[in-house]
>>> print(open('target.cif').read())   # mmCIF, C-alpha atoms
data_target
#
loop_
_atom_site.group_PDB
_atom_site.id
_atom_site.type_symbol
_atom_site.label_atom_id
_atom_site.label_comp_id
_atom_site.auth_asym_id
_atom_site.auth_seq_id
_atom_site.Cartn_x
_atom_site.Cartn_y
_atom_site.Cartn_z
ATOM 1 C CA MET A 752 23.467 14.049 9.632
ATOM 2 C CA THR A 753 22.209 10.699 8.353
ATOM 3 C CA THR A 754 18.974 10.360 6.395
ATOM 4 C CA ARG A 755 17.510 8.257 9.201
ATOM 5 C CA THR A 756 18.369 10.897 11.813
ATOM 6 C CA LEU A 757 16.871 13.613 9.632
ATOM 7 C CA LEU A 758 13.626 11.678 9.136
ATOM 8 C CA VAL A 759 13.320 10.936 12.862
ATOM 9 C CA GLY A 760 13.842 14.607 13.606
ATOM 10 C CA MET A 761 11.198 15.562 11.064
ATOM 11 C CA ALA A 762 8.769 13.091 12.615
ATOM 12 C CA VAL A 763 9.328 14.592 16.077
ATOM 13 C CA VAL A 764 8.753 18.093 14.768
ATOM 14 C CA ALA A 765 5.627 16.982 12.912
ATOM 15 C CA MET A 766 4.212 15.248 15.980
ATOM 16 C CA SER A 767 4.896 18.306 18.124
ATOM 17 C CA ALA A 768 3.072 20.422 15.575
ATOM 18 C CA PHE A 769 0.205 17.955 15.538
ATOM 19 C CA LEU A 770 -0.169 18.008 19.315
ATOM 20 C CA SER A 771 -0.134 21.789 19.325
ATOM 21 C CA ILE A 772 -2.731 21.992 16.572
ATOM 22 C CA ALA A 773 -4.952 19.308 18.068
ATOM 23 C CA GLN A 774 -5.133 20.958 21.481
ATOM 24 C CA ASP A 775 -6.376 24.343 20.369
ATOM 25 C CA ALA A 776 -7.538 24.060 16.780
ATOM 26 C CA THR A 777 -11.060 24.386 15.525
ATOM 27 C CA LEU A 778 -12.450 21.717 13.214
ATOM 28 C CA ASP A 779 -11.799 23.956 10.217
ATOM 29 C CA ASP A 780 -8.193 24.416 11.358
ATOM 30 C CA LEU A 781 -7.657 20.670 11.625
ATOM 31 C CA LEU A 782 -9.123 20.010 8.204
ATOM 32 C CA ALA A 783 -7.072 22.770 6.605
ATOM 33 C CA GLU A 784 -3.858 21.550 8.234
ATOM 34 C CA ALA A 785 -4.592 17.987 7.139
ATOM 35 C CA GLU A 786 -5.096 19.025 3.527
ATOM 36 C CA SER A 787 -1.904 21.072 3.667
ATOM 37 C CA ALA A 788 0.075 18.112 5.026
ATOM 38 C CA TYR A 789 -1.402 15.837 2.358
ATOM 39 C CA ASP A 790 -0.518 18.283 -0.428
ATOM 40 C CA ARG A 791 2.226 16.885 -2.669
ATOM 41 C CA TRP A 792 2.125 19.497 -5.424
ATOM 42 C CA SER A 793 2.908 22.876 -3.877
ATOM 43 C CA GLU A 794 6.590 22.206 -3.129
ATOM 44 C CA PRO A 795 9.319 20.123 -4.754
ATOM 45 C CA PHE A 796 8.396 16.535 -3.897
ATOM 46 C CA ASP A 797 10.711 14.465 -1.705
ATOM 47 C CA PHE A 798 9.442 10.892 -1.653
ATOM 48 C CA ASN A 799 11.165 9.864 1.586
ATOM 49 C CA ALA A 800 10.280 13.034 3.473
ATOM 50 C CA TYR A 801 6.652 12.835 2.360
ATOM 51 C CA GLU A 802 5.999 9.900 4.688
ATOM 52 C CA THR A 803 6.090 12.311 7.635
ATOM 53 C CA SER A 804 3.590 14.628 5.952
ATOM 54 C CA LEU A 805 1.261 11.770 5.064
ATOM 55 C CA ARG A 806 1.314 10.406 8.610
ATOM 56 C CA LEU A 807 0.610 13.895 9.952
ATOM 57 C CA ALA A 808 -2.371 14.252 7.615
ATOM 58 C CA VAL A 809 -3.790 10.954 8.869
ATOM 59 C CA ASP A 810 -3.331 12.033 12.495
ATOM 60 C CA LEU A 811 -5.099 15.323 11.852
ATOM 61 C CA TRP A 812 -8.028 13.744 10.019
ATOM 62 C CA GLU A 813 -8.414 11.185 12.793
ATOM 63 C CA GLU A 814 -8.416 14.007 15.337
ATOM 64 C CA ALA A 815 -11.039 15.867 13.301
ATOM 65 C CA LEU A 816 -13.298 12.876 12.681
ATOM 66 C CA PRO A 817 -15.187 12.776 16.029
ATOM 67 C CA ARG A 818 -15.681 16.536 15.896
ATOM 68 C CA ILE A 819 -17.601 16.479 12.630
ATOM 69 C CA PRO A 820 -21.366 16.806 13.218
ATOM 70 C CA ASP A 821 -23.470 13.909 11.943
ATOM 71 C CA LYS A 822 -25.432 16.296 9.738
ATOM 72 C CA ALA A 823 -22.237 17.394 7.937
ATOM 73 C CA VAL A 824 -22.371 14.316 5.731
ATOM 74 C CA GLN A 825 -20.311 15.745 2.879
ATOM 75 C CA THR A 826 -17.458 16.733 5.185
ATOM 76 C CA LEU A 827 -17.608 13.437 7.044
ATOM 77 C CA SER A 828 -17.532 11.476 3.801
ATOM 78 C CA HIS A 829 -14.599 13.523 2.487
ATOM 79 C CA VAL A 830 -12.527 12.878 5.607
ATOM 80 C CA LEU A 831 -13.317 9.163 5.636
ATOM 81 C CA VAL A 832 -12.358 8.808 1.973
ATOM 82 C CA ARG A 833 -9.167 10.801 2.542
ATOM 83 C CA LEU A 834 -8.279 8.487 5.420
ATOM 84 C CA ALA A 835 -8.948 5.398 3.311
ATOM 85 C CA GLN A 836 -6.781 6.727 0.499
ATOM 86 C CA SER A 837 -3.998 7.794 2.855
ATOM 87 C CA GLU A 838 -3.888 4.443 4.628
ATOM 88 C CA PHE A 839 -3.629 2.770 1.224
ATOM 89 C CA GLU A 840 -0.827 5.089 0.175
ATOM 90 C CA LEU A 841 1.123 4.625 3.400
ATOM 91 C CA ALA A 842 0.897 0.867 2.929
ATOM 92 C CA GLU A 843 1.909 0.998 -0.723
ATOM 93 C CA ALA A 844 4.937 3.219 -0.171
ATOM 94 C CA TYR A 845 6.271 3.101 3.346
ATOM 95 C CA LEU A 846 5.127 0.205 5.527
ATOM 96 C CA GLY A 847 6.407 -3.298 6.246
ATOM 97 C CA LYS A 848 4.359 -6.424 5.632
ATOM 98 C CA ARG A 849 2.508 -6.582 8.961
ATOM 99 C CA GLU A 850 1.910 -2.859 9.044
ATOM 100 C CA LYS A 851 0.574 -3.009 5.496
ATOM 101 C CA GLU A 852 -2.160 -5.467 6.423
ATOM 102 C CA ARG A 853 -3.345 -3.280 9.283
ATOM 103 C CA ALA A 854 -3.278 -0.154 7.126
ATOM 104 C CA TYR A 855 -5.311 -1.799 4.370
ATOM 105 C CA GLU A 856 -7.810 -2.959 6.977
ATOM 106 C CA ARG A 857 -8.126 0.520 8.447
ATOM 107 C CA GLY A 858 -8.505 1.922 4.938
ATOM 108 C CA LYS A 859 -11.308 -0.432 3.949
ATOM 109 C CA ASN A 860 -13.096 0.248 7.231
ATOM 110 C CA TYR A 861 -12.922 4.013 6.705
ATOM 111 C CA ALA A 862 -14.225 3.659 3.151
ATOM 112 C CA LEU A 863 -17.041 1.384 4.276
ATOM 113 C CA ARG A 864 -18.078 3.966 6.872
ATOM 114 C CA ALA A 865 -18.270 6.493 4.042
ATOM 115 C CA LEU A 866 -20.387 4.102 1.963
ATOM 116 C CA ARG A 867 -22.781 3.574 4.853
ATOM 117 C CA LEU A 868 -23.432 7.308 4.943
ATOM 118 C CA GLU A 869 -25.408 6.872 1.730
ATOM 119 C CA PRO A 870 -29.121 6.784 2.636
ATOM 120 C CA THR A 871 -29.956 3.577 0.761
ATOM 121 C CA PHE A 872 -26.780 1.529 1.248
ATOM 122 C CA ASP A 873 -27.880 -0.408 4.329
ATOM 123 C CA GLU A 874 -31.375 -0.823 2.933
ATOM 124 C CA VAL A 875 -30.100 -2.376 -0.310
ATOM 125 C CA GLU A 876 -27.689 -4.573 1.631
ATOM 126 C CA SER A 877 -30.508 -5.883 3.833
ATOM 127 C CA ALA A 878 -32.721 -6.601 0.852
ATOM 128 C CA ASP A 879 -30.278 -7.843 -1.777
ATOM 129 C CA GLY A 880 -26.892 -8.376 -0.148
ATOM 130 C CA PHE A 881 -23.634 -6.518 0.298
ATOM 131 C CA ARG A 882 -22.475 -6.779 -3.299
ATOM 132 C CA ALA A 883 -25.745 -5.314 -4.526
ATOM 133 C CA ALA A 884 -25.237 -2.421 -2.127
ATOM 134 C CA LEU A 885 -21.772 -1.846 -3.572
ATOM 135 C CA ARG A 886 -23.224 -1.813 -7.066
ATOM 136 C CA SER A 887 -25.833 0.741 -6.005
ATOM 137 C CA ALA A 888 -23.429 3.127 -4.263
ATOM 138 C CA THR A 889 -22.919 6.610 -5.698
ATOM 139 C CA ASP A 890 -19.821 7.939 -3.881
ATOM 140 C CA VAL A 891 -17.082 7.037 -6.351
ATOM 141 C CA GLY A 892 -14.289 7.904 -3.915
ATOM 142 C CA ALA A 893 -15.659 5.707 -1.166
ATOM 143 C CA ILE A 894 -16.314 2.734 -3.412
ATOM 144 C CA PHE A 895 -12.998 3.061 -5.297
ATOM 145 C CA TRP A 896 -10.850 3.197 -2.173
ATOM 146 C CA TYR A 897 -12.879 0.474 -0.523
ATOM 147 C CA GLY A 898 -12.122 -1.737 -3.510
ATOM 148 C CA ASN A 899 -8.423 -0.854 -3.460
ATOM 149 C CA CYS A 900 -7.959 -1.411 0.259
ATOM 150 C CA LEU A 901 -10.076 -4.562 0.270
ATOM 151 C CA GLY A 902 -8.204 -5.965 -2.701
ATOM 152 C CA GLN A 903 -4.832 -5.557 -1.018
ATOM 153 C CA TRP A 904 -6.135 -6.748 2.345
ATOM 154 C CA LEU A 905 -7.362 -9.953 0.688
ATOM 155 C CA ASN A 906 -3.756 -10.863 -0.113
ATOM 156 C CA TYR A 907 -3.453 -11.611 3.610
ATOM 157 C CA HIS A 908 -6.850 -13.355 3.814
ATOM 158 C CA ARG A 909 -6.987 -15.799 0.936
ATOM 159 C CA PHE A 910 -9.981 -17.759 2.243
ATOM 160 C CA THR A 911 -12.072 -14.587 2.372
ATOM 161 C CA ALA A 912 -10.837 -13.772 -1.121
ATOM 162 C CA ILE A 913 -12.026 -17.042 -2.661
ATOM 163 C CA MET A 914 -15.285 -16.972 -0.703
ATOM 164 C CA GLY A 915 -16.434 -13.807 -2.455
ATOM 165 C CA GLY A 916 -14.010 -11.069 -1.500
ATOM 166 C CA VAL A 917 -12.559 -10.803 -5.005
ATOM 167 C CA LEU A 918 -16.058 -10.495 -6.431
ATOM 168 C CA ASP A 919 -16.690 -7.619 -4.028
ATOM 169 C CA VAL A 920 -13.564 -5.926 -5.368
ATOM 170 C CA ALA A 921 -14.784 -6.464 -8.928
ATOM 171 C CA ALA A 922 -18.137 -4.927 -8.022
ATOM 172 C CA CYS A 923 -16.333 -1.877 -6.638
ATOM 173 C CA PHE A 924 -14.202 -1.303 -9.708
ATOM 174 C CA GLU A 925 -17.019 -1.966 -12.174
ATOM 175 C CA ARG A 926 -19.203 0.516 -10.323
ATOM 176 C CA SER A 927 -16.364 3.053 -10.157
ATOM 177 C CA VAL A 928 -15.934 2.836 -13.932
ATOM 178 C CA GLU A 929 -19.668 3.404 -14.356
ATOM 179 C CA LEU A 930 -19.719 6.397 -12.016
ATOM 180 C CA ASP A 931 -16.569 8.214 -13.115
ATOM 181 C CA GLU A 932 -13.860 6.455 -15.091
ATOM 182 C CA ALA A 933 -11.671 9.560 -14.869
ATOM 183 C CA TYR A 934 -11.654 9.617 -11.057
ATOM 184 C CA ASP A 935 -8.111 9.663 -9.654
ATOM 185 C CA ALA A 936 -6.680 10.139 -13.151
ATOM 186 C CA GLY A 937 -8.299 7.061 -14.636
ATOM 187 C CA GLY A 938 -8.019 5.059 -11.425
ATOM 188 C CA PRO A 939 -11.098 2.890 -11.972
ATOM 189 C CA GLN A 940 -9.823 1.809 -15.384
ATOM 190 C CA ARG A 941 -6.319 1.103 -14.017
ATOM 191 C CA ALA A 942 -7.774 -0.880 -11.155
ATOM 192 C CA MET A 943 -10.096 -2.868 -13.379
ATOM 193 C CA GLY A 944 -7.235 -3.705 -15.703
ATOM 194 C CA SER A 945 -5.084 -4.938 -12.837
ATOM 195 C CA LEU A 946 -7.876 -6.980 -11.323
ATOM 196 C CA ILE A 947 -8.666 -8.757 -14.585
ATOM 197 C CA ALA A 948 -4.992 -9.358 -15.330
ATOM 198 C CA GLN A 949 -4.418 -10.971 -11.941
ATOM 199 C CA ALA A 950 -7.768 -12.579 -11.098
ATOM 200 C CA HIS A 951 -9.564 -13.078 -14.417
ATOM 201 C CA PHE A 952 -10.249 -16.722 -13.581
ATOM 202 C CA VAL A 953 -12.101 -15.729 -10.402
ATOM 203 C CA ILE A 954 -14.307 -13.021 -11.889
ATOM 204 C CA GLY A 955 -15.135 -14.840 -15.105
ATOM 205 C CA LYS A 956 -13.012 -12.851 -17.554
ATOM 206 C CA ASN A 957 -10.243 -13.629 -20.005
ATOM 207 C CA ARG A 958 -6.827 -12.158 -19.250
ATOM 208 C CA ILE A 959 -6.850 -10.242 -22.535
ATOM 209 C CA ASP A 960 -9.939 -8.353 -21.331
ATOM 210 C CA CYS A 961 -7.610 -6.239 -19.188
ATOM 211 C CA VAL A 962 -6.098 -4.613 -22.272
ATOM 212 C CA VAL A 963 -9.024 -2.315 -23.013
ATOM 213 C CA HIS A 964 -8.954 -1.028 -19.425
ATOM 214 C CA PHE A 965 -5.213 -0.377 -19.357
ATOM 215 C CA GLU A 966 -5.366 1.319 -22.743
ATOM 216 C CA ARG A 967 -8.266 3.471 -21.620
ATOM 217 C CA ALA A 968 -6.448 4.437 -18.414
ATOM 218 C CA ILE A 969 -3.452 5.572 -20.461
ATOM 219 C CA GLU A 970 -5.745 7.519 -22.763
ATOM 220 C CA LEU A 971 -7.392 9.255 -19.806
ATOM 221 C CA ALA A 972 -4.148 10.131 -18.014
ATOM 222 C CA PRO A 973 -1.095 9.645 -20.258
ATOM 223 C CA HIS A 974 1.218 11.192 -17.647
ATOM 224 C CA HIS A 975 0.173 8.800 -14.859
ATOM 225 C CA LEU A 976 2.830 6.096 -15.099
ATOM 226 C CA GLU A 977 1.117 3.390 -13.053
ATOM 227 C CA ALA A 978 -1.048 2.133 -15.920
ATOM 228 C CA TYR A 979 1.987 1.563 -18.168
ATOM 229 C CA VAL A 980 3.847 -0.355 -15.460
ATOM 230 C CA SER A 981 0.907 -2.511 -14.400
ATOM 231 C CA TYR A 982 0.081 -3.231 -18.046
ATOM 232 C CA ALA A 983 3.668 -4.377 -18.607
ATOM 233 C CA GLU A 984 4.006 -6.369 -15.409
ATOM 234 C CA GLN A 985 0.570 -7.942 -15.183
ATOM 235 C CA PHE A 986 -0.278 -8.559 -18.822
ATOM 236 C CA ALA A 987 2.613 -8.172 -21.268
ATOM 237 C CA ARG A 988 5.191 -10.189 -19.335
ATOM 238 C CA PRO A 989 2.887 -13.087 -18.312
ATOM 239 C CA SER A 990 1.592 -13.239 -21.890
ATOM 240 C CA GLY A 991 5.096 -13.420 -23.303
ATOM 241 C CA ASP A 992 4.599 -10.275 -25.365
ATOM 242 C CA ASP A 993 8.154 -8.961 -25.171
ATOM 243 C CA ALA A 994 7.565 -6.214 -27.722
ATOM 244 C CA LEU A 995 4.666 -4.765 -25.734
ATOM 245 C CA PHE A 996 6.565 -5.140 -22.465
ATOM 246 C CA ASP A 997 9.584 -3.287 -23.836
ATOM 247 C CA ARG A 998 7.463 -0.559 -25.411
ATOM 248 C CA LEU A 999 5.542 0.119 -22.194
ATOM 249 C CA LEU A 1000 8.694 0.375 -20.088
ATOM 250 C CA ALA A 1001 10.326 2.555 -22.723
ATOM 251 C CA ASP A 1002 7.308 4.856 -22.548
ATOM 252 C CA VAL A 1003 7.690 5.080 -18.769
ATOM 253 C CA PHE A 1004 11.385 5.953 -18.920
ATOM 254 C CA ARG A 1005 10.833 8.479 -21.688
ATOM 255 C CA LEU A 1006 8.005 10.206 -19.864
ATOM 256 C CA ALA A 1007 9.881 10.187 -16.565
ATOM 257 C CA GLU A 1008 12.633 12.306 -18.092
ATOM 258 C CA ASP A 1009 10.179 15.213 -18.188
ATOM 259 C CA PRO A 1010 10.025 16.976 -14.776
ATOM 260 C CA ALA A 1011 6.512 18.187 -15.577
ATOM 261 C CA VAL A 1012 5.316 14.600 -15.956
ATOM 262 C CA MET A 1013 6.811 13.556 -12.634
ATOM 263 C CA ALA A 1014 5.355 16.644 -10.960
ATOM 264 C CA ALA A 1015 1.861 15.910 -12.267
ATOM 265 C CA PHE A 1016 1.516 12.829 -10.067
ATOM 266 C CA PRO A 1017 4.643 12.973 -7.905
ATOM 267 C CA PHE A 1018 3.774 10.286 -5.364
ATOM 268 C CA TYR A 1019 2.463 7.627 -7.724
ATOM 269 C CA ASN A 1020 4.909 8.381 -10.505
ATOM 270 C CA ALA A 1021 7.829 7.949 -8.095
ATOM 271 C CA ILE A 1022 6.473 4.540 -7.065
ATOM 272 C CA SER A 1023 5.768 3.571 -10.668
ATOM 273 C CA LEU A 1024 9.215 4.579 -11.890
ATOM 274 C CA ALA A 1025 10.811 2.462 -9.158
ATOM 275 C CA ARG A 1026 8.623 -0.495 -10.205
ATOM 276 C CA ALA A 1027 9.603 -0.019 -13.841
ATOM 277 C CA ARG A 1028 13.286 0.007 -12.972
ATOM 278 C CA GLY A 1029 12.825 -3.202 -11.025
ATOM 279 C CA LEU A 1030 11.128 -4.847 -13.997
ATOM 280 C CA ALA A 1031 13.872 -3.697 -16.341
ATOM 281 C CA ASP A 1032 16.701 -5.132 -14.235
#
>>> encode(input="target.cif", output="structure tokens")
Amino acid sequence: MTTRTLLVGMAVVAMSAFLSIAQDATLDDLLAEAESAYDRWSEPFDFNAYETSLRLAVDLWEEALPRIPDKAVQTLSHVLVRLAQSEFELAEAYLGKREKERAYERGKNYALRALRLEPTFDEVESADGFRAALRSATDVGAIFWYGNCLGQWLNYHRFTAIMGGVLDVAACFERSVELDEAYDAGGPQRAMGSLIAQAHFVIGKNRIDCVVHFERAIELAPHHLEAYVSYAEQFARPSGDDALFDRLLADVFRLAEDPAVMAAFPFYNAISLARARGLAD
């Protein structure tokens, strides 16, 4: 059996399971099944096969979403943030160019819905503008994934990017660092480092300002390989610092030899290792 045939078969089985669950399941059932499908730690991780599980999780959360009572704000916010993150991850790992754009757009819209659940968000936006509302938000997951999805979506909408979109992304990541720099294993610091490295001229920073964020991300989560790879690709190589570039990639390859490291963040470490190999070629 070919890999393609196997994956198609898995997708059919997953969709059949989804339809069965969706017809008869309670809200709690749907949420539990979605979290189980999203889980990437309980079993040996297969990067290619995980696409089916991730798509199933998205389907289940989307099925659950209209069933969640308006008063269940915490649950509603959790599902919206999960959807934003999952759309981002599908786009990063499995989708083609056109599908990516749509996934990033769906992700940012889900995250924005979560942000608007905050009691003062719309009020601050009306009084002081959207960016001020972002800077006042308190849901680190919603604001972090909004910034991630928006940032990637802006690659397809350059006019929006230069007209303030990049500054919105900066506001998201700065606020995420303030709220919880350790969220998503140092995600806000990784994201801030990448943003400065790639768009420092837009947000009024120097490229070298990214270094403190990348270094802090590595300090917070030394087994999350993305910070090393982004640091190498987005700062060391453009700066012509071959020694730093080589050291960062060497760190990635050394760490990746440890199964426990790869298992700590199996999805992102698989992506990061592939990126590092591409840079090393």
>>> resolve_selection(input="target.cif", expression="the PyMOL selection byres ((chain A and resi 984) around 10)", output="PDB file with C-alpha atoms, in the coordinates of the input")
ATOM      1  CA  SER A 945      -5.084  -4.938 -12.837  1.00  0.00           C
ATOM      2  CA  ALA A 948      -4.992  -9.358 -15.330  1.00  0.00           C
ATOM      3  CA  ALA A 978      -1.048   2.133 -15.920  1.00  0.00           C
ATOM      4  CA  TYR A 979       1.987   1.563 -18.168  1.00  0.00           C
ATOM      5  CA  VAL A 980       3.847  -0.355 -15.460  1.00  0.00           C
ATOM      6  CA  SER A 981       0.907  -2.511 -14.400  1.00  0.00           C
ATOM      7  CA  TYR A 982       0.081  -3.231 -18.046  1.00  0.00           C
ATOM      8  CA  ALA A 983       3.668  -4.377 -18.607  1.00  0.00           C
ATOM      9  CA  GLN A 985       0.570  -7.942 -15.183  1.00  0.00           C
ATOM     10  CA  PHE A 986      -0.278  -8.559 -18.822  1.00  0.00           C
ATOM     11  CA  ALA A 987       2.613  -8.172 -21.268  1.00  0.00           C
ATOM     12  CA  ARG A 988       5.191 -10.189 -19.335  1.00  0.00           C
ATOM     13  CA  PRO A 989       2.887 -13.087 -18.312  1.00  0.00           C
ATOM     14  CA  SER A 990       1.592 -13.239 -21.890  1.00  0.00           C
ATOM     15  CA  PHE A 996       6.565  -5.140 -22.465  1.00  0.00           C
ATOM     16  CA  LEU A 999       5.542   0.119 -22.194  1.00  0.00           C
ATOM     17  CA  LEU A1000       8.694   0.375 -20.088  1.00  0.00           C
ATOM     18  CA  ARG A1026       8.623  -0.495 -10.205  1.00  0.00           C
ATOM     19  CA  ALA A1027       9.603  -0.019 -13.841  1.00  0.00           C
ATOM     20  CA  LEU A1030      11.128  -4.847 -13.997  1.00  0.00           C
TER      21      LEU A1030
END
>>> residues_near_point(input="target.cif", point="(-4.6, -3.8, 0.7)", cutoff="12 Å", atoms="all atoms listed in the file", output="VMD selection string")
chain A and resid 835 to 844 846 848 to 860 896 to 908 912 920
>>> atom_distance(input="target.cif", atom1="CA of Leu971 (chain A)", atom2="CA of Gly937 (chain A)")
5.7 Å
>>> residues_around(input="target.cif", residues="Asp931 (chain A)", least_positions_apart="3", cutoff="10 Å", atoms="only C-alpha atoms", output="list in words")
Thr889, Asp890, Val891, Gly892, Arg926, Ser927, Val928, Tyr934, Asp935, Gly937, Gly938, Pro939 and Gln940 of chain A
>>> residues_around(input="target.cif", residues="Ser804 (chain A)", least_positions_apart="3", cutoff="6 Å", atoms="only C-alpha atoms", output="list of chain:residue names")
A:Ala788, A:Tyr801, A:Leu807
>>> resolve_selection(input="target.cif", expression="the PyMOL selection byres ((chain A and resi 882) around 12)", output="PyMOL selection string")
chain A and resi 872-873+875-881+883-888+894+898+915-926
>>> write_last_selection(input="target.cif", atoms="C-alpha atoms", output="short mmCIF file (atom, residue, chain, number, x, y, z; two decimals), keeping the file's coordinate frame")
data_model
loop_
_atom_site.label_atom_id
_atom_site.label_comp_id
_atom_site.auth_asym_id
_atom_site.auth_seq_id
_atom_site.Cartn_x
_atom_site.Cartn_y
_atom_site.Cartn_z
CA PHE A 872 -26.78 1.53 1.25
CA ASP A 873 -27.88 -0.41 4.33
CA VAL A 875 -30.10 -2.38 -0.31
CA GLU A 876 -27.69 -4.57 1.63
CA SER A 877 -30.51 -5.88 3.83
CA ALA A 878 -32.72 -6.60 0.85
CA ASP A 879 -30.28 -7.84 -1.78
CA GLY A 880 -26.89 -8.38 -0.15
CA PHE A 881 -23.63 -6.52 0.30
CA ALA A 883 -25.74 -5.31 -4.53
CA ALA A 884 -25.24 -2.42 -2.13
CA LEU A 885 -21.77 -1.85 -3.57
CA ARG A 886 -23.22 -1.81 -7.07
CA SER A 887 -25.83 0.74 -6.00
CA ALA A 888 -23.43 3.13 -4.26
CA ILE A 894 -16.31 2.73 -3.41
CA GLY A 898 -12.12 -1.74 -3.51
CA GLY A 915 -16.43 -13.81 -2.46
CA GLY A 916 -14.01 -11.07 -1.50
CA VAL A 917 -12.56 -10.80 -5.00
CA LEU A 918 -16.06 -10.50 -6.43
CA ASP A 919 -16.69 -7.62 -4.03
CA VAL A 920 -13.56 -5.93 -5.37
CA ALA A 921 -14.78 -6.46 -8.93
CA ALA A 922 -18.14 -4.93 -8.02
CA CYS A 923 -16.33 -1.88 -6.64
CA PHE A 924 -14.20 -1.30 -9.71
CA GLU A 925 -17.02 -1.97 -12.17
CA ARG A 926 -19.20 0.52 -10.32
#
>>> atom_distance(input="target.cif", atom1="CA of Pro1010 (chain A)", atom2="CA of Ala972 (chain A)")
16.1 Å
>>> closest_residue(input="target.cif", among="A:Leu782, A:Thr871, A:Ala776, A:Ser787", to="Thr826 (chain A)", atoms="all atoms listed in the file")
A:Leu782
>>> residues_around(input="target.cif", residues="Pro1017 (chain A)", least_positions_apart="5", cutoff="10 Å", atoms="all atoms listed in the file", output="list in words")
Arg791, Trp792, Pro795, Phe796, Asp797, Phe798, His975, Pro1010, Ala1011, Val1012, Ile1022 and Ser1023 of chain A
>>> atom_distance(input="target.cif", atom1="CA of Arg941 (chain A)", atom2="CA of Ala1001 (chain A)")
18.8 Å
>>> axis_aligned_box(input="target.cif", around="region 799-814 of chain A", padding_each_side="6 Å", output="AutoDock Vina command-line options")
--center_x 1.4 --center_y 12.6 --center_z 8.5 --size_x 31.6 --size_y 17.5 --size_z 25.8
>>> closest_residue(input="target.cif", among="A:Phe1016, A:Ala1021, A:Ile913, A:Ala823", to="Asp790 (chain A)", atoms="all atoms listed in the file")
A:Phe1016
>>> residues_around(input="target.cif", residues="Leu781 (chain A)", least_positions_apart="4", cutoff="9 Å", atoms="all atoms listed in the file", output="number ranges by chain")
A: 772-773, 776-777, 785-786, 811-812, 814-815
>>> resolve_selection(input="target.cif", expression="the PyMOL selection byres ((chain A and resi 828) around 9)", output="ChimeraX atom specification")
/A:823-827,829-833,862,864-866,868,890,893
>>> closest_residue(input="target.cif", among="A:Asp993, A:Glu874, A:Glu802, A:Asp779", to="Ala1031 (chain A)", atoms="all atoms listed in the file")
A:Asp993
>>> closest_residue(input="target.cif", among="A:Phe1004, A:Tyr845, A:Phe895, A:Tyr789", to="Glu929 (chain A)", atoms="all atoms listed in the file")
A:Phe895
